[in-house]
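Engineer: Next up, input26.cif (mmCIF, C-alpha atoms).
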```cif
data_input
loop_
_atom_site.label_atom_id
_atom_site.label_comp_id
_atom_site.auth_asym_id
_atom_site.auth_seq_id
_atom_site.Cartn_x
_atom_site.Cartn_y
_atom_site.Cartn_z
CA MET A 15 13.16 -25.03 44.24
CA ARG A 16 12.76 -22.28 41.72
CA THR A 17 9.10 -21.53 40.89
CA GLU A 18 9.30 -18.28 38.87
CA PHE A 19 11.27 -17.60 35.72
CA GLU A 20 11.99 -14.24 34.13
CA PHE A 21 11.87 -13.91 30.36
CA THR A 22 12.21 -11.37 27.58
CA LEU A 23 9.92 -11.79 24.58
CA PRO A 24 11.54 -11.86 21.14
CA LYS A 25 9.17 -9.21 19.72
CA GLY A 26 7.15 -7.87 22.64
CA TYR A 27 3.52 -7.21 23.42
CA VAL A 28 2.18 -3.84 22.29
CA GLY A 29 -0.33 -2.55 24.83
CA SER A 30 -3.45 -0.54 24.04
CA ASP A 31 -1.46 2.63 24.76
CA GLY A 32 1.18 1.65 22.19
CA GLN A 33 3.83 0.81 24.79
CA LEU A 34 6.05 -2.21 24.16
CA HIS A 35 6.23 -4.82 26.95
CA ARG A 36 8.98 -7.45 26.61
CA HIS A 37 10.15 -8.43 30.09
CA GLY A 38 7.97 -10.72 32.17
CA THR A 39 7.73 -13.58 34.64
CA MET A 40 6.20 -17.04 34.31
CA ARG A 41 5.56 -19.33 37.27
CA LEU A 42 5.45 -23.10 37.37
CA ALA A 43 2.02 -24.48 36.49
CA THR A 44 -0.11 -26.28 39.00
CA ALA A 45 -2.46 -29.16 38.24
CA ARG A 46 -5.33 -26.67 38.54
CA ASP A 47 -3.74 -24.44 35.88
CA GLU A 48 -4.01 -27.30 33.41
CA ILE A 49 -7.36 -28.72 34.54
CA GLU A 50 -9.48 -25.56 34.93
CA PRO A 51 -9.16 -24.44 31.28
CA LEU A 52 -10.45 -27.86 30.18
CA ARG A 53 -13.70 -27.04 31.99
CA ASP A 54 -14.23 -23.99 29.80
CA ARG A 55 -17.21 -24.76 27.54
CA THR A 56 -15.48 -23.15 24.55
CA ILE A 57 -12.65 -25.71 24.69
CA ASP A 58 -13.24 -28.82 22.56
CA GLY A 59 -10.68 -30.96 24.36
CA PRO A 60 -7.00 -31.27 25.17
CA ASP A 61 -5.98 -30.73 21.53
CA ASP A 62 -7.85 -27.42 21.20
CA PRO A 63 -5.26 -24.77 20.26
CA TYR A 64 -7.02 -22.15 22.40
CA LEU A 65 -6.19 -24.21 25.50
CA THR A 66 -2.61 -22.89 25.26
CA ILE A 67 -3.89 -19.31 25.48
CA LEU A 68 -5.91 -20.05 28.61
CA VAL A 69 -3.06 -21.90 30.35
CA LEU A 70 -0.46 -19.22 29.54
CA ALA A 71 -2.81 -16.50 30.81
CA ARG A 72 -2.86 -18.31 34.16
CA VAL A 73 0.92 -18.75 34.55
CA ILE A 74 2.29 -15.44 33.23
CA THR A 75 2.44 -13.31 36.37
CA GLU A 76 4.08 -10.17 34.95
CA LEU A 77 4.54 -8.57 31.56
CA GLY A 78 6.22 -5.19 31.45
CA THR A 79 4.24 -2.58 33.32
CA LEU A 80 0.84 -4.14 32.68
CA PRO A 81 -1.25 -4.30 35.86
CA ASP A 82 -2.65 -7.73 34.91
CA VAL A 83 -1.91 -10.35 32.28
CA GLY A 84 -4.98 -12.16 31.04
CA VAL A 85 -6.44 -13.89 28.02
CA GLU A 86 -6.69 -10.67 25.97
CA GLU A 87 -2.99 -9.93 26.41
CA VAL A 88 -1.94 -13.47 25.48
CA GLU A 89 -4.27 -13.33 22.44
CA GLY A 90 -2.56 -10.09 21.41
CA LEU A 91 0.96 -11.56 21.36
CA PHE A 92 2.85 -11.90 18.10
CA ALA A 93 3.14 -15.50 16.88
CA ALA A 94 6.89 -15.58 17.63
CA ASP A 95 6.23 -14.54 21.23
CA LEU A 96 3.48 -17.13 21.67
CA ALA A 97 5.79 -19.85 20.32
CA PHE A 98 8.55 -18.70 22.68
CA LEU A 99 6.19 -18.79 25.69
CA GLN A 100 4.99 -22.28 24.73
CA ASP A 101 8.60 -23.43 24.62
CA LEU A 102 9.35 -21.77 27.95
CA TYR A 103 6.27 -23.36 29.54
CA GLY A 104 7.32 -26.78 28.31
CA ILE A 105 10.87 -26.41 29.58
CA ILE A 106 10.08 -25.11 33.05
CA ASN A 107 7.24 -27.57 33.68
CA PHE A 108 8.33 -30.74 31.89
CA GLY A 109 11.97 -30.34 30.92
CA ASP A 110 15.31 -29.43 32.38
CA GLN A 111 15.07 -25.97 33.93
CA ALA A 112 18.74 -25.46 33.07
CA ASP A 113 17.60 -25.14 29.43
CA VAL A 114 15.73 -21.87 30.18
CA ALA A 115 18.87 -19.78 29.59
CA ALA A 116 19.60 -21.53 26.28
CA LEU A 117 16.04 -20.92 25.05
CA GLN A 118 16.16 -17.27 26.04
CA GLU A 119 19.56 -16.72 24.42
CA SER A 120 18.28 -18.29 21.19
CA VAL A 121 15.70 -15.51 20.73
CA LEU A 122 17.52 -12.45 22.12
CA PRO A 123 19.96 -10.22 20.27
CA ALA A 124 23.56 -11.38 20.74
CA ASP A 125 24.50 -8.37 22.92
CA THR A 126 21.79 -9.06 25.54
CA GLN A 127 23.17 -10.93 28.52
CA PHE A 128 21.29 -13.54 30.55
CA ASP A 129 22.34 -14.33 34.10
CA ASP A 130 20.68 -17.61 35.12
CA ASP A 131 20.45 -16.63 38.79
CA ALA A 132 19.66 -12.92 38.57
CA GLY A 133 17.64 -12.69 35.35
CA PHE A 134 18.45 -10.37 32.47
CA GLU A 135 20.89 -7.59 31.93
CA ASP A 136 19.45 -5.79 28.93
CA ASP A 137 21.64 -3.77 26.64
CA ALA A 138 20.74 -0.19 25.77
CA SER A 139 18.94 -1.04 22.52
CA VAL A 140 16.56 -3.48 24.24
CA SER A 141 16.00 -1.18 27.23
CA ASP A 142 15.46 1.82 24.98
CA ALA A 143 12.97 -0.09 22.84
CA VAL A 144 10.91 -0.92 25.92
CA ALA A 145 11.20 2.52 27.51
CA ASN A 146 10.73 4.41 24.24
CA PRO A 147 8.30 2.63 21.92
CA ASP A 148 8.77 5.45 19.40
CA THR A 149 12.42 4.41 18.87
CA ASP A 150 13.40 3.93 15.24
CA ASP A 151 12.06 0.41 14.68
CA ALA A 152 13.82 0.13 11.31
CA ALA A 153 17.21 0.54 12.97
CA LEU A 154 16.36 -1.99 15.68
CA THR A 155 14.99 -4.41 13.08
CA ASP A 156 18.17 -4.12 10.96
CA GLU A 157 20.28 -4.72 14.09
CA ARG A 158 18.19 -7.72 15.11
CA GLU A 159 18.30 -9.23 11.60
CA ALA A 160 22.09 -8.94 11.56
CA ASP A 161 22.26 -10.51 15.03
CA ASP A 162 19.83 -13.25 13.99
CA ALA A 163 21.88 -14.07 10.88
CA ALA A 164 25.06 -14.28 12.93
CA SER A 165 23.51 -16.36 15.72
CA SER A 166 21.65 -18.72 13.38
CA ALA A 167 24.92 -19.68 11.75
CA ALA A 168 26.52 -20.28 15.16
CA ALA A 169 23.75 -22.12 17.01
CA PRO A 170 20.53 -23.60 15.66
CA ARG A 171 17.30 -22.62 17.41
CA PRO A 172 15.97 -25.41 19.60
CA ARG A 173 12.99 -27.31 18.26
CA ARG A 174 9.72 -26.61 20.00
CA ALA A 175 8.47 -29.40 22.19
CA ARG A 176 4.76 -30.09 22.41
CA VAL A 177 3.19 -28.70 25.56
CA GLU A 178 1.60 -31.54 27.47
CA GLU A 179 -1.94 -31.10 28.72
CA VAL A 180 -3.81 -33.01 31.38
CA VAL A 181 -6.70 -34.96 29.84
CA SER A 182 -9.87 -34.92 31.93
CA SER A 183 -11.72 -38.24 31.73
CA ALA A 184 -14.65 -36.90 33.77
CA ARG A 185 -15.40 -34.09 31.35
CA GLU A 186 -19.06 -33.45 30.59
#
```
Show how you would write the structure in this file as structure tokens.

Structural biologist:
Amino acid sequence: MRTEFEFTLPKGYVGSDGQLHRHGTMRLATARDEIEPLRDRTIDGPDDPYLTILVLARVITELGTLPDVGVEEVEGLFAADLAFLQDLYGIINFGDQADVAALQESVLPADTQFDDDAGFEDDASVSDAVANPDTDDAALTDEREADDAASSAAAPRPRRARVEEVVSSARE
């Protein structure tokens, strides 16, 4: 049974040093991963939007070269990356794990290859953007917009499924 899934964020997390981190790993969630955040006194219940941040911080095991991935890093993600990670979480924990590749392909540039068994084979533009955060972002943005326009006409982006949370009836 596969318990860890590699991913590449659509935008990427920009660390405090300015480095871009896009490639990471998410593991399957345990019951504890969903229950423990509900015990946090700042959480108002299972519908609290911040619950997603706490759960994702528990299940993302790697993100680029960051030594640890915690709440601050998940809070610092761009909205598109957070939405992608919510979708990924829902698929690997509650859906058909075969859909992981389709989700990933829907947010990556067309020339980035995904190998379901081995992970990702990044093209030079994606690798260069991660290795060299000072790369000309305008050129990469223009390339991505052209790729997005071409891929959106070919295949619609999958709709985001709601992430299910465990409701604690014994909550104080």

Engineer: Report, in Å with one decimal, the straight-line distance from CA of Pro51 in chain A to CA of Ala116 in chain A.

Structural biologist: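 Spanning CA of Pro51 in chain A to CA of Ala116 in chain A is a straight-line distance of 29.3 Å.
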
Engineer: Residues picked by the PyMOL selection byres ((chain A and resi 106) around 10) here, as a ChimeraX atom specification?

Structural biologist: /A:16-19,40-43,101-105,107-114

Engineer: In file coordinates, which residues lie within 8 Å of (15.6, -14.6, 23.8) using only C-alpha atoms, given as a ChimeraX atom specification?

Structural biologist: /A:21-24,117-123

Engineer: Could the residues in this selection be written to a file with C-alpha atoms, as a CSV table (one decimal), in the coordinates of the input?

Structural biologist:
```csv
chain,number,residue,atom,x,y,z
A,21,PHE,CA,11.9,-13.9,30.4
A,22,THR,CA,12.2,-11.4,27.6
A,23,LEU,CA,9.9,-11.8,24.6
A,24,PRO,CA,11.5,-11.9,21.1
A,117,LEU,CA,16.0,-20.9,25.0
A,118,GLN,CA,16.2,-17.3,26.0
A,119,GLU,CA,19.6,-16.7,24.4
A,120,SER,CA,18.3,-18.3,21.2
A,121,VAL,CA,15.7,-15.5,20.7
A,122,LEU,CA,17.5,-12.4,22.1
A,123,PRO,CA,20.0,-10.2,20.3
```

Engineer: Which distance in Å separates CA of Thr79 in chain A and CA of Ile67 in chain A, to one decimal?

Structural biologist: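 Atom-to-atom, CA of Thr79 in chain A to CA of Ile67 in chain A, that is 20.2 Å.
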
Engineer: Please provide as a ChimeraX atom specification all residues within 9 Å of range 86-92 of chain A, with the sequence filter that same-chain residues fewer than 3 positions apart are discarded (counting all atoms listed in the file).

Structural biologist: /A:25-29,67-68,70-71,82-83,95-97

Engineer: Residues of the last selection are to be written out with C-alpha atoms, as an mmCIF file, in the coordinates of the input.

Structural biologist:
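Okay, this is what ended up in again.cif:
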```cif
data_model
loop_
_atom_site.group_PDB
_atom_site.id
_atom_site.type_symbol
_atom_site.label_atom_id
_atom_site.label_comp_id
_atom_site.auth_asym_id
_atom_site.auth_seq_id
_atom_site.Cartn_x
_atom_site.Cartn_y
_atom_site.Cartn_z
ATOM 1 C CA LYS A 25 9.170 -9.210 19.720
ATOM 2 C CA GLY A 26 7.150 -7.870 22.640
ATOM 3 C CA TYR A 27 3.520 -7.210 23.420
ATOM 4 C CA VAL A 28 2.180 -3.840 22.290
ATOM 5 C CA GLY A 29 -0.330 -2.550 24.830
ATOM 6 C CA ILE A 67 -3.890 -19.310 25.480
ATOM 7 C CA LEU A 68 -5.910 -20.050 28.610
ATOM 8 C CA LEU A 70 -0.460 -19.220 29.540
ATOM 9 C CA ALA A 71 -2.810 -16.500 30.810
ATOM 10 C CA ASP A 82 -2.650 -7.730 34.910
ATOM 11 C CA VAL A 83 -1.910 -10.350 32.280
ATOM 12 C CA ASP A 95 6.230 -14.540 21.230
ATOM 13 C CA LEU A 96 3.480 -17.130 21.670
ATOM 14 C CA ALA A 97 5.790 -19.850 20.320
#
```

Engineer: Just the residues within 8 Å of Leu65 in chain A, please, counting all atoms listed in the file, with nothing from its chain fewer than 4 positions along; format it as a list of chain:residue names.

Structural biologist: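 Once the adjacent positions are removed, what remains is A:Pro51, A:Leu52, A:Ile57, A:Pro60, A:Asp61, A:Val69.
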
Engineer: To one decimal place in Å, what is the distance between CA of His35 in chain A and CA of Glu76 in chain A?

Structural biologist: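 Going from CA of His35 in chain A over to CA of Glu76 in chain A, I get 9.9 Å.
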